[in-house]
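*Asks:* Have a peek at target08.csv (CSV, C-alpha atoms).
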```csv
chain,number,residue,atom,x,y,z
A,560,MET,CA,-27.7,-58.0,26.6
A,561,PHE,CA,-25.3,-56.3,29.0
A,562,MET,CA,-23.0,-55.3,26.1
A,563,ARG,CA,-25.9,-53.9,24.2
A,564,ALA,CA,-26.9,-51.7,27.1
A,565,LEU,CA,-23.3,-50.6,27.6
A,566,LEU,CA,-23.0,-49.7,24.0
A,567,LEU,CA,-26.3,-47.8,24.0
A,568,THR,CA,-25.2,-45.9,27.2
A,569,CYS,CA,-21.8,-45.0,25.7
A,570,SER,CA,-23.4,-43.9,22.4
A,571,MET,CA,-25.9,-41.7,24.3
A,572,ALA,CA,-23.1,-40.2,26.3
A,573,LEU,CA,-21.0,-39.5,23.3
A,574,TYR,CA,-24.0,-38.0,21.5
A,575,SER,CA,-24.7,-35.6,24.4
A,576,ILE,CA,-21.0,-34.6,24.6
A,577,GLY,CA,-21.2,-33.8,20.9
A,578,GLN,CA,-24.3,-31.7,21.5
A,579,VAL,CA,-22.7,-29.8,24.3
A,580,ASN,CA,-19.6,-29.1,22.2
A,581,ALA,CA,-21.8,-28.0,19.3
A,582,GLN,CA,-23.7,-25.7,21.6
A,583,GLN,CA,-20.5,-24.2,23.0
A,584,ILE,CA,-19.2,-23.7,19.5
A,585,ASN,CA,-22.3,-22.0,18.3
A,586,PHE,CA,-22.2,-19.7,21.4
A,587,ALA,CA,-18.6,-18.8,20.6
A,588,VAL,CA,-19.2,-18.2,17.0
A,589,GLY,CA,-22.1,-15.8,17.8
A,590,ARG,CA,-19.7,-13.7,19.9
A,591,THR,CA,-16.8,-13.7,17.4
A,592,LEU,CA,-16.4,-11.1,14.7
A,593,VAL,CA,-14.1,-11.0,11.7
A,594,VAL,CA,-12.5,-8.0,10.0
A,595,ASP,CA,-10.2,-7.6,7.0
A,596,THR,CA,-7.6,-5.0,8.3
A,597,LEU,CA,-6.1,-4.6,4.8
A,598,GLN,CA,-9.5,-3.8,3.3
A,599,LEU,CA,-10.2,-1.6,6.3
A,600,PHE,CA,-7.1,0.5,5.6
A,601,ASN,CA,-7.4,0.5,1.8
A,602,GLU,CA,-11.1,1.5,1.7
A,603,SER,CA,-11.2,3.9,4.6
A,604,LEU,CA,-10.8,7.7,4.0
A,605,PHE,CA,-7.7,7.6,6.3
A,606,GLY,CA,-6.1,4.8,4.2
A,607,ILE,CA,-7.0,6.3,0.9
A,608,SER,CA,-5.6,9.6,1.9
A,609,ALA,CA,-2.4,8.0,3.3
A,610,VAL,CA,-1.9,6.0,0.1
A,611,GLN,CA,-2.5,9.1,-2.1
A,612,ARG,CA,0.1,11.1,-0.1
A,613,LEU,CA,2.6,8.3,-0.4
A,614,GLU,CA,2.0,7.9,-4.1
A,615,ILE,CA,2.7,11.6,-4.6
A,616,GLN,CA,5.9,11.3,-2.7
A,617,GLY,CA,6.7,8.2,-4.8
A,618,VAL,CA,6.2,10.2,-8.0
A,619,GLN,CA,8.4,13.0,-6.7
A,620,LEU,CA,11.1,10.5,-5.8
A,621,ALA,CA,10.9,8.9,-9.2
A,622,GLU,CA,11.3,12.3,-10.8
A,623,GLU,CA,14.2,13.1,-8.6
A,624,ASN,CA,15.8,9.7,-9.5
A,625,LYS,CA,15.3,10.4,-13.2
A,626,SER,CA,16.8,13.9,-12.8
A,627,LYS,CA,19.8,12.6,-11.0
A,628,GLU,CA,20.3,9.8,-13.5
A,629,ILE,CA,20.2,12.3,-16.4
A,630,ALA,CA,22.7,14.6,-14.6
A,631,LEU,CA,25.1,11.7,-13.9
A,632,SER,CA,24.8,10.5,-17.5
A,633,GLU,CA,25.7,14.0,-18.7
A,634,GLU,CA,28.6,14.1,-16.3
A,635,GLU,CA,29.8,10.7,-17.6
A,636,LYS,CA,29.7,11.9,-21.2
A,637,GLN,CA,31.7,15.0,-20.3
A,638,LEU,CA,34.2,12.8,-18.5
A,639,THR,CA,34.5,10.6,-21.5
A,640,THR,CA,35.1,13.6,-23.8
A,641,LEU,CA,37.6,15.0,-21.3
A,642,ARG,CA,39.6,11.7,-21.4
A,643,ALA,CA,41.2,12.5,-24.7
A,644,THR,CA,42.6,15.9,-23.4
A,645,ILE,CA,44.1,14.9,-20.0
A,646,THR,CA,46.6,12.4,-18.7
A,647,ALA,CA,45.6,8.9,-17.8
A,648,GLU,CA,46.5,9.6,-14.1
A,649,LYS,CA,44.3,12.7,-14.0
A,650,PHE,CA,41.5,10.9,-15.8
A,651,ARG,CA,41.8,8.0,-13.2
A,652,ILE,CA,41.3,10.5,-10.3
A,653,LEU,CA,38.3,12.1,-12.0
A,654,ALA,CA,36.8,8.7,-12.9
A,655,ASP,CA,37.2,7.5,-9.3
A,656,GLU,CA,35.6,10.6,-8.0
A,657,PHE,CA,32.7,10.2,-10.4
A,658,ASP,CA,32.3,6.5,-9.5
A,659,GLN,CA,32.2,7.5,-5.8
A,660,LYS,CA,29.6,10.2,-6.6
A,661,VAL,CA,27.5,7.6,-8.5
A,662,GLN,CA,27.7,5.1,-5.6
A,663,THR,CA,26.8,7.8,-3.0
A,664,THR,CA,23.8,9.0,-5.1
A,665,ARG,CA,22.5,5.4,-5.5
A,666,LYS,CA,22.8,4.8,-1.7
A,667,GLU,CA,21.0,8.0,-0.9
A,668,GLN,CA,18.2,7.3,-3.4
A,669,LEU,CA,17.8,3.7,-2.3
A,670,ALA,CA,17.5,4.9,1.3
A,671,LYS,CA,14.8,7.4,0.3
A,672,THR,CA,13.0,4.6,-1.5
A,673,GLN,CA,13.2,2.3,1.5
A,674,ALA,CA,12.0,5.0,3.8
A,675,LEU,CA,9.0,5.6,1.6
A,676,SER,CA,8.3,1.9,1.6
A,677,THR,CA,8.3,1.7,5.4
A,678,GLN,CA,6.0,4.8,5.6
A,679,ILE,CA,3.1,2.8,4.3
A,680,GLU,CA,3.5,0.2,7.0
A,681,THR,CA,3.9,3.0,9.6
A,682,GLN,CA,0.6,4.5,8.3
A,683,ARG,CA,-1.1,1.2,8.6
A,684,ASN,CA,0.0,0.8,12.1
A,685,THR,CA,-1.0,4.3,13.0
A,686,PHE,CA,-4.4,3.7,11.4
A,687,LEU,CA,-4.9,0.4,13.3
A,688,ASN,CA,-4.0,2.0,16.6
A,689,ALA,CA,-6.4,4.8,15.9
A,690,ALA,CA,-9.1,2.4,14.8
A,691,ALA,CA,-8.8,0.0,17.7
A,692,PRO,CA,-11.1,2.0,20.1
A,693,ILE,CA,-13.7,2.2,17.3
A,694,LEU,CA,-13.5,-1.5,16.6
A,695,GLN,CA,-13.7,-2.2,20.3
A,696,ALA,CA,-16.8,0.0,20.6
A,697,LEU,CA,-18.4,-1.9,17.7
A,698,MET,CA,-17.6,-5.2,19.4
A,699,LEU,CA,-19.2,-4.0,22.6
A,700,GLU,CA,-22.2,-2.7,20.7
A,701,VAL,CA,-23.0,-6.2,19.3
A,702,GLY,CA,-21.8,-8.1,22.3
A,703,ALA,CA,-18.8,-9.7,20.7
A,704,THR,CA,-15.8,-10.8,22.8
A,705,VAL,CA,-13.3,-11.7,20.0
A,706,LEU,CA,-12.3,-9.9,16.8
A,707,LEU,CA,-10.3,-12.0,14.3
A,708,GLU,CA,-8.3,-11.0,11.3
A,709,ARG,CA,-10.1,-12.3,8.1
A,710,ARG,CA,-6.9,-13.9,6.7
A,711,ASN,CA,-6.5,-16.0,9.8
A,712,VAL,CA,-10.0,-17.4,9.7
A,713,VAL,CA,-10.6,-20.7,8.0
A,714,LEU,CA,-14.3,-20.4,7.7
A,715,SER,CA,-17.0,-17.9,8.8
A,716,THR,CA,-20.3,-16.6,7.8
A,717,ASN,CA,-20.6,-13.3,6.1
A,718,THR,CA,-22.6,-12.0,9.1
A,719,ALA,CA,-19.4,-12.3,11.2
A,720,ASP,CA,-17.5,-10.0,8.9
A,721,ILE,CA,-17.8,-6.4,10.1
A,722,THR,CA,-15.3,-4.8,7.8
A,723,ALA,CA,-17.8,-2.7,5.8
A,724,ILE,CA,-19.6,-1.5,9.0
A,725,ALA,CA,-16.2,-0.7,10.6
A,726,ILE,CA,-15.1,1.3,7.6
A,727,VAL,CA,-18.2,3.6,7.9
A,728,GLN,CA,-17.7,4.1,11.6
A,729,ILE,CA,-13.9,4.6,11.3
A,730,ASP,CA,-14.5,7.2,8.5
A,731,ASP,CA,-17.0,9.0,10.8
A,732,VAL,CA,-14.5,9.2,13.6
A,733,LEU,CA,-11.1,9.4,11.9
A,734,GLY,CA,-12.0,11.0,8.5
A,735,ASP,CA,-9.0,11.1,6.3
A,736,GLY,CA,-6.6,11.4,9.2
A,737,SER,CA,-5.8,15.0,8.6
A,738,GLN,CA,-7.7,16.1,11.7
A,739,PRO,CA,-7.5,14.8,15.3
A,740,ALA,CA,-9.9,12.0,15.9
A,741,THR,CA,-13.1,12.6,17.7
A,742,SER,CA,-13.8,10.5,20.7
A,743,VAL,CA,-15.8,7.2,20.5
A,744,ASP,CA,-19.0,7.3,22.5
```
Mind converting the file's structure to structure tokens?

*Replies:*
Amino acid sequence: MFMRALLLTCSMALYSIGQVNAQQINFAVGRTLVVDTLQLFNESLFGISAVQRLEIQGVQLAEENKSKEIALSEEEKQLTTLRATITAEKFRILADEFDQKVQTTRKEQLAKTQALSTQIETQRNTFLNAAAPILQALMLEVGATVLLERRNVVLSTNTADITAIAIVQIDDVLGDGSQPATSVD
């Protein structure tokens, strides 16, 4: 009898602990929001504009690369033709100079490509820094205390995801990023 009463008391205690934890979890979930920062950037006017500008620069760089490739190819053909009319020693000097020119050109173009690649990350960081006060205002508006990145969340309801709402508000404040941002009220 004593054991039965003890088990019943322990069961009730565990049950009530489980309820308290569940209540605490529900309280926390109601105050936690989720946002997909990649979608936020890619679908906002600011992000779309930044990507378009970088795509234009990428096309220009590709055209420049192609032009340099054609010029180097022509120079190589001329060097090959010239080989029959000059000494081996003179040809070796010209060939080494040409090789150095090719290597330098490749390094320069690779550096430009890498710089262009890092610009997108720089634009994302600039965007997120500019969007932070807007996201914070949105959090305050709905009484949230935590904003999580969508990719770091194991499970949430769709009502916790504010990405679409945030895009509209960010577009209203930041626009395409070409003008200074207006203040968040």

*Asks:* Range 718-729 of chain A: which residues within 9 Å, counting all atoms listed in the file, same-chain residues fewer than 3 positions away excluded, as a ChimeraX atom specification?

*Replies:* /A:588-596,598-600,602-605,689-690,693-694,697,709,715,732-734

*Asks:* Find the distance between CA of Val661 in chain A and CA of Leu631 in chain A and write it in Å to one decimal.

*Replies:*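 One can read the CA of Val661 in chain A to CA of Leu631 in chain A distance as 7.2 Å.
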
*Asks:* Have a look at A:Glu635, A:Asp735, A:Glu700, A:Glu667 and name the one nearest to Asp655 in chain A; count only C-alpha atoms.

*Replies:*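 Comparing A:Glu635, A:Asp735, A:Glu700, A:Glu667 against Asp655 in chain A, the winner is A:Glu635.
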
*Asks:* Just the number, please: distance in Å from CA of Glu628 in chain A to CA of Ala609 in chain A, one decimal.

*Replies:*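 Distance reported for this atom pair: 28.3 Å.
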
*Asks:* Which residue, A:Arg710, A:Lys671, A:Arg642, A:Lys627, has the smallest gap to Ala654 in chain A when you use all atoms listed in the file?

*Replies:*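 Ranked by minimum distance to Ala654 in chain A, first place goes to A:Arg642.
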
*Asks:* Which distance in Å separates CA of Asn684 in chain A and CA of Ser737 in chain A, to one decimal?

*Replies:* 15.7 Å
